[in-house]
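S.K.: Here it is: the structure, laid out below.
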Amino acid sequence: MAHAATRSHPPKESIKDTLIAILIAFVVAFVFRGFVIEAFIIPTGSMAPTLLGAHMRVTSPQTGATFTVGPWYEDPVTPETRIPRSIQGRTGSEPPVDLTDPVSGEDLRRTDVPLLAGDRILVLKYLYALRDPTRYDVVVFKNPTNPNENYIKRLIGLPGEQLAIVDGDVFTRPLSAVKPDEVNPWMGDGWSIARKPVRAEKAVWQPIFDSAMAPLEGGPGKLVSGFRMPWRGDGPNWSVSDPAAAPTADRPADGQIGVFRYSGTQPTQLYWDSAAPFTREITFGRGVRQATDRSLVDRYAYNQSPPGREFRHYPIADLRVRAAVILPESADPSNYIIRPVITARGHQFAAEISGGHVARLLMRKAPTAPSSADATESSWDELASDLANTQTILTPGKPVAIEFWHVDQSLRLIINGRQVAQANYNWSPAERINFATGRTLNELAELQSGTSGNILADPDLYRKPSVKWDLAGGPVTLTHVAIDRDLHYQPATYNSGPRVGLPANATSPASVVTLRDDQFFVAGDNSPNSVDSRLLGPPAPWVSELMDRRMMNADNRQGIIPRDLLIGKAFFVYFPAGGPVPVLDRAINFPNLMPDFGRMRFIQ
């Protein structure tokens with residue numbers, strides 16, 4: 001007798017079970033948010049362009065450069081006044097926005113530019129309860145002067161050290177090296193520069209110029225009228241796709257822009273012409289805008305600001321020089337010397353490729369009378385390098401991507417994306433100031449004596465850098481010739497509060513910062529437009545009480561971030577500021593309605 005198969009049915013879920021599951025999910029989510037990861041939105045541009053607050057994004061039709069600027073527009077009644085834009089206050093009919101292309105200097109007028117909200121980031125909370133923070137972490141913390149506000153900055157000072165910001169870079173020394181009788185702490189022993197990790201350095205490079213982005217108008221190969229290429233060939237036999245730079249040279253037959261060809265046989269140079277203006281003078285009906293020179297300074301496109309609120313620009317020597325170098329197919333690489341050179345702080349720093357396969361990192365005191373024969377001179381000091389000089393670097397007929405880094409008192413040579421040489425040099429704060437300004441700390445102290453302010457906050461005090469490519473061996477072509485710059489933490493002076501007229505924290509020997517247990521120091525990547533540990537005001541009352549309980553020195557509080565105020569480490573941009581969403585023939589300008597998924601990234 002056959003038995004019927006029994007059929008099992010899963011138990012039915014009741015409404016109660018469903019509600020319990022939902023409740024558990026909410027509890028887990030809230031616990032996760034409160035103790036593991038929390039999302040934040042960037043409100044301001046103090047970390048721009050690494051992380052963006054509210055901003056406008058514009059692409060130049062002449063250069064193809066996309067850049068971001070702070071959220072403002074021009075008052076139609078008073079043209080010299082620029083009004084901050086707000087997401088909530090958009091009417092859809094704001095006046096035009098006048099901008100300057102940071103690559104070409106071309107003035108751009110845009111109407112109805114979408115206002116984008118800030119990047120949304122994920123923060124690892126309570127990470128620092130498990131391990132100590134690391135220098136150059138991007139951290140979220142409570143603002144000591146107003147703990148209701150969350151700030152995001154880069155961590156540059158750690159407990160147990162003395163901190164100095166010297167010529168834009170960070171120097172530290174252990175507290176064990178500090179002597180109580182020091183008159184000028186920057187002249188003391190034990191200082192060393194705090195170098196950024198390579199991954200962080202790659203994330204913060206900011207472009208100054210790329211010859212491939214020279215401005216075009218009216219068709220392929222036609223430069224904007226009046227534009228002068230800032231890279232200049234020294235002497236005859238240079239064919240540059242820029243008639244202003246080489247009036248007697250023929251334009252290349254292929255119509256390429258920003259390609260530099262040398263057809264001679266003698267040593268020569270391609271150099272950065274700081275005197276070349278951005279572009280022609282242009283009017284928007286309110287007078288003539290004067291052309292700006294191309295000095296190598298810490299200019300931010302994001303900080304384009306109205307008259308009366310111009311930011312100071314400091315000479316910057318921490319630079320990356322790069323180009324694609326092409327030898328003729330018939331060339332013998334063993335005859336060539338390719339040498340990018342950065343002159344700064346009274347010295348010259350260079351990466352040399354010779355013999356087709358030998359690479360060296362070089363340094364010397366800057367010569368008083370440089371000449372076009374520099375490429376064959378041998379008066380350089382070779383720095384220690386980890387290069388095994390066996391691999392062919394220069395291959396005739398093929399472009400070779402060369403990058404030379406001079407950053408944080410370190411030199412790097414990168415060929416086709418691979419580092420082949422690295423070396424450091426070590427100066428103390430006193431030596432760094434002496435070489436950067438041509439004056440000793442004692443001389444600067446005499447100039448400062450009897451005056452308020454911070455003498456080191458004068459941009460004219462610092463020597464201006466220069467860049468060139470020394471070339472020898474025969475004909476050569478360079479394309480995508482570019483310069484990028486590093487972060488530069490500016491010196492400053494308090495202009496309000498109890499310290500008005502005194503140097504900003506860590507930016508002068510008179511304001512050296514001493515960090516003890518559980519004390520940190522932070523700075524924004526957008527240094528000229530960041531309120532950070534350099535210029536923070538006195539702590540709020542309950543934060544001051546917290547410092548009392550932590551036995552913090554009463555004279556060492558303004559600008560200090562106690563560990564208790566650290567929320568966590570910012571590690572990922574999960575919802576980057578996007579653009580308007582096209583709908584038929586128009587666009588909806590709701591901020592961040594469509595995220596820019598290509599900018600999702602880990603934060604370095």
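Note on naming: chains are A, B, ... as they come in the structure tokens, residues start from 1 per chain, ligands start from 1 in the order shown.
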Using only C-alpha atoms, determine which residues lie at most 12 Å from region 541-549 of chain A, disregarding the query and same-chain residues fewer than 5 positions distant; provide the list as a list in words.
M.R.: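 Result of the neighbour search: Lys142, Asn143, Pro144, Thr145, Asn146, Pro147, Asn148, Arg516, Asp517, Asp518, Gln519, Ala554, Asp555, Asn556, Arg557, Gln558, Gly559, Ile560, Ile561, Pro562, Arg563, Asp564 and Leu565 of chain A.
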S.K.: Which residue, A:Arg463, A:His55, A:Arg312, A:Lys398, has the smallest gap to Val476 (chain A) when you use only C-alpha atoms?
M.R.: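 Residue with the minimum atom-to-atom distance to Val476 (chain A): A:Lys398.
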S.K.: With only C-alpha atoms as the basis for distance, which of A:Ile414, A:Ala421, A:Ala164, A:Val513 is at the shortest distance from Gln490 (chain A)?
M.R.: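 Closest residue, counting only C-alpha atoms: A:Ala164.
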S.K.: Give the alpha helix (DSSP H) residues of region 117-224 of chain A, as DSSP finds them on the backbone, and put them as a PDB file with N, CA and C atoms, in the first residue's frame.
M.R.:
ATOM      1  N   VAL A 198      53.641  58.802   1.050  1.00  0.00           N
ATOM      2  CA  VAL A 198      53.506  58.974  -0.398  1.00  0.00           C
ATOM      3  C   VAL A 198      52.039  58.960  -0.814  1.00  0.00           C
ATOM      4  N   ARG A 199      51.233  58.093  -0.201  1.00  0.00           N
ATOM      5  CA  ARG A 199      49.817  58.007  -0.580  1.00  0.00           C
ATOM      6  C   ARG A 199      49.091  59.315  -0.285  1.00  0.00           C
ATOM      7  N   ALA A 200      49.452  59.966   0.837  1.00  0.00           N
ATOM      8  CA  ALA A 200      48.843  61.253   1.156  1.00  0.00           C
ATOM      9  C   ALA A 200      49.354  62.339   0.219  1.00  0.00           C
ATOM     10  N   GLU A 201      50.638  62.290  -0.116  1.00  0.00           N
ATOM     11  CA  GLU A 201      51.205  63.295  -1.013  1.00  0.00           C
ATOM     12  C   GLU A 201      50.533  63.240  -2.378  1.00  0.00           C
ATOM     13  N   LYS A 202      50.317  62.046  -2.894  1.00  0.00           N
ATOM     14  CA  LYS A 202      49.654  61.922  -4.188  1.00  0.00           C
ATOM     15  C   LYS A 202      48.254  62.522  -4.162  1.00  0.00           C
ATOM     16  N   ALA A 203      47.600  62.450  -3.014  1.00  0.00           N
ATOM     17  CA  ALA A 203      46.219  62.935  -2.908  1.00  0.00           C
ATOM     18  C   ALA A 203      46.137  64.454  -2.813  1.00  0.00           C
ATOM     19  N   VAL A 204      47.227  65.113  -2.418  1.00  0.00           N
ATOM     20  CA  VAL A 204      47.143  66.558  -2.172  1.00  0.00           C
ATOM     21  C   VAL A 204      47.884  67.402  -3.202  1.00  0.00           C
TER      22      VAL A 204
END
S.K.: Between CA of Leu51 (chain A) and CA of Asn416 (chain A), what distance in Å does the model show, to one decimal?
M.R.: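 That distance, rounded to one decimal, is 28.0 Å.
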S.K.: Could you please determine the separation between CA of Ala194 (chain A) and CA of Thr437 (chain A) in Å, to one decimal place?
M.R.: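 A separation of 20.7 Å between them.
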S.K.: Would you pick out the contacts of region 379-384 of chain A at 6 Å or less, using only C-alpha atoms, so that residues sharing its chain but fewer than 6 positions from it are not included, and give the list as a list in words?
M.R.: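 So the residues in contact are Leu361, Leu362, Met363, Arg364 and Ala423 of chain A.
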S.K.: Save out the residues we just selected, C-alpha atoms, as a compact mmCIF listing (two decimals), in the first residue's frame.
M.R.:
# COMPACT_ATOMS: atom_id res chain seq x y z
CA LEU A 361 69.32 62.79 -7.56
CA LEU A 362 71.42 65.93 -7.19
CA MET A 363 71.69 69.01 -4.99
CA ARG A 364 73.95 72.05 -4.85
CA ALA A 423 66.72 60.64 -1.28
S.K.: Report as a list in words all protein, DNA and RNA residues lying within 10 Å of Asp332 (chain A), evaluated on only C-alpha atoms, omitting residues in the same chain fewer than 5 positions from it.
M.R.: Leu327, Gly355, Gly356, Leu394, Thr395, Pro396, Gly473 and Gly474 of chain A
S.K.: List every residue of region 424-444 of chain A that has an atom at most 12 Å from any atom of region 499-508 of chain A, and for each one report the closest atom pair and its distance in Å to one decimal, counting only C-alpha atoms, with rows sorted by chain and then by increasing residue number, as JSON lines.
M.R.:
{"residue": "A:Pro429", "atom": "CA", "partner": "A:Ser508", "partner_atom": "CA", "distance": 10.3}
{"residue": "A:Ala430", "atom": "CA", "partner": "A:Ser508", "partner_atom": "CA", "distance": 11.1}
{"residue": "A:Ile433", "atom": "CA", "partner": "A:Ser508", "partner_atom": "CA", "distance": 10.6}
{"residue": "A:Leu441", "atom": "CA", "partner": "A:Ser508", "partner_atom": "CA", "distance": 10.1}
{"residue": "A:Leu444", "atom": "CA", "partner": "A:Ser508", "partner_atom": "CA", "distance": 10.6}
S.K.: Taking the DSSP secondary structure from the backbone, can you list the residues of region 95-199 of chain A that are strand (DSSP E or B), as a ChimeraX atom specification?
M.R.: /A:97-100,107-110,115-116,120-125,138-143,146-157,161-166,168-174,192-193
S.K.: What does the file look like for those residues with C-alpha atoms, as an mmCIF file, in the first residue's frame?
M.R.:
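Generated file (again.cif):
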data_model
loop_
_atom_site.group_PDB
_atom_site.id
_atom_site.type_symbol
_atom_site.label_atom_id
_atom_site.label_comp_id
_atom_site.auth_asym_id
_atom_site.auth_seq_id
_atom_site.Cartn_x
_atom_site.Cartn_y
_atom_site.Cartn_z
ATOM 1 C CA VAL A 97 29.255 84.480 -11.710
ATOM 2 C CA ASP A 98 32.628 85.826 -12.898
ATOM 3 C CA LEU A 99 35.478 83.333 -12.537
ATOM 4 C CA THR A 100 39.083 82.933 -13.608
ATOM 5 C CA ASP A 107 38.047 85.249 -17.383
ATOM 6 C CA LEU A 108 34.829 83.264 -17.548
ATOM 7 C CA ARG A 109 31.283 84.512 -17.034
ATOM 8 C CA ARG A 110 28.708 81.874 -16.141
ATOM 9 C CA LEU A 115 25.412 75.177 -6.329
ATOM 10 C CA LEU A 116 26.635 71.837 -5.035
ATOM 11 C CA ARG A 120 29.504 63.216 2.231
ATOM 12 C CA ILE A 121 32.042 61.154 4.100
ATOM 13 C CA LEU A 122 32.197 58.132 6.394
ATOM 14 C CA VAL A 123 34.022 58.416 9.725
ATOM 15 C CA LEU A 124 35.385 55.557 11.820
ATOM 16 C CA LYS A 125 34.249 56.467 15.309
ATOM 17 C CA VAL A 138 42.012 63.448 8.259
ATOM 18 C CA VAL A 139 40.006 63.673 11.485
ATOM 19 C CA VAL A 140 36.575 64.884 12.585
ATOM 20 C CA PHE A 141 36.445 66.537 16.011
ATOM 21 C CA LYS A 142 34.454 68.908 18.168
ATOM 22 C CA ASN A 143 35.534 72.525 17.802
ATOM 23 C CA ASN A 146 32.175 75.845 20.128
ATOM 24 C CA PRO A 147 31.706 72.121 20.815
ATOM 25 C CA ASN A 148 28.336 72.147 19.053
ATOM 26 C CA GLU A 149 30.266 72.347 15.761
ATOM 27 C CA ASN A 150 32.064 69.453 14.107
ATOM 28 C CA TYR A 151 35.274 70.326 12.271
ATOM 29 C CA ILE A 152 37.297 68.286 9.799
ATOM 30 C CA LYS A 153 41.033 68.924 9.416
ATOM 31 C CA ARG A 154 44.325 67.131 8.901
ATOM 32 C CA LEU A 155 46.191 66.003 12.009
ATOM 33 C CA ILE A 156 49.736 67.416 11.978
ATOM 34 C CA GLY A 157 50.783 67.461 15.658
ATOM 35 C CA GLU A 161 56.345 66.655 20.863
ATOM 36 C CA GLN A 162 57.074 70.266 20.109
ATOM 37 C CA LEU A 163 55.703 71.555 16.803
ATOM 38 C CA ALA A 164 56.823 74.236 14.350
ATOM 39 C CA ILE A 165 55.379 75.274 10.970
ATOM 40 C CA VAL A 166 58.349 76.541 8.984
ATOM 41 C CA GLY A 168 54.940 75.805 4.880
ATOM 42 C CA ASP A 169 56.190 72.475 6.256
ATOM 43 C CA VAL A 170 55.809 70.710 9.615
ATOM 44 C CA PHE A 171 58.786 70.182 11.923
ATOM 45 C CA THR A 172 58.702 68.312 15.240
ATOM 46 C CA ARG A 173 61.006 67.269 18.038
ATOM 47 C CA PRO A 174 60.478 65.095 21.126
ATOM 48 C CA SER A 192 63.238 66.914 12.100
ATOM 49 C CA ILE A 193 60.777 67.466 9.279
#
S.K.: How many Å separate CA of Ala323 (chain A) from CA of Ile483 (chain A)?
M.R.: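 For CA of Ala323 (chain A) relative to CA of Ile483 (chain A), the distance reads 8.9 Å.
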S.K.: Just want the 10 Å neighbourhood of Thr59 (chain A), counted on only C-alpha atoms, with same-chain residues fewer than 5 positions away dropped. Output as an mmCIF file with C-alpha atoms, in the first residue's frame.
M.R.:
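Dumped to out.cif:
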data_model
loop_
_atom_site.group_PDB
_atom_site.id
_atom_site.type_symbol
_atom_site.label_atom_id
_atom_site.label_comp_id
_atom_site.auth_asym_id
_atom_site.auth_seq_id
_atom_site.Cartn_x
_atom_site.Cartn_y
_atom_site.Cartn_z
ATOM 1 C CA GLY A 64 38.980 71.736 -20.590
ATOM 2 C CA ALA A 65 40.057 72.295 -16.973
ATOM 3 C CA THR A 66 37.412 71.563 -14.358
ATOM 4 C CA PHE A 67 37.800 73.493 -11.138
ATOM 5 C CA THR A 68 35.786 74.318 -8.040
ATOM 6 C CA ASP A 101 40.353 79.719 -15.174
ATOM 7 C CA LEU A 108 34.829 83.264 -17.548
#
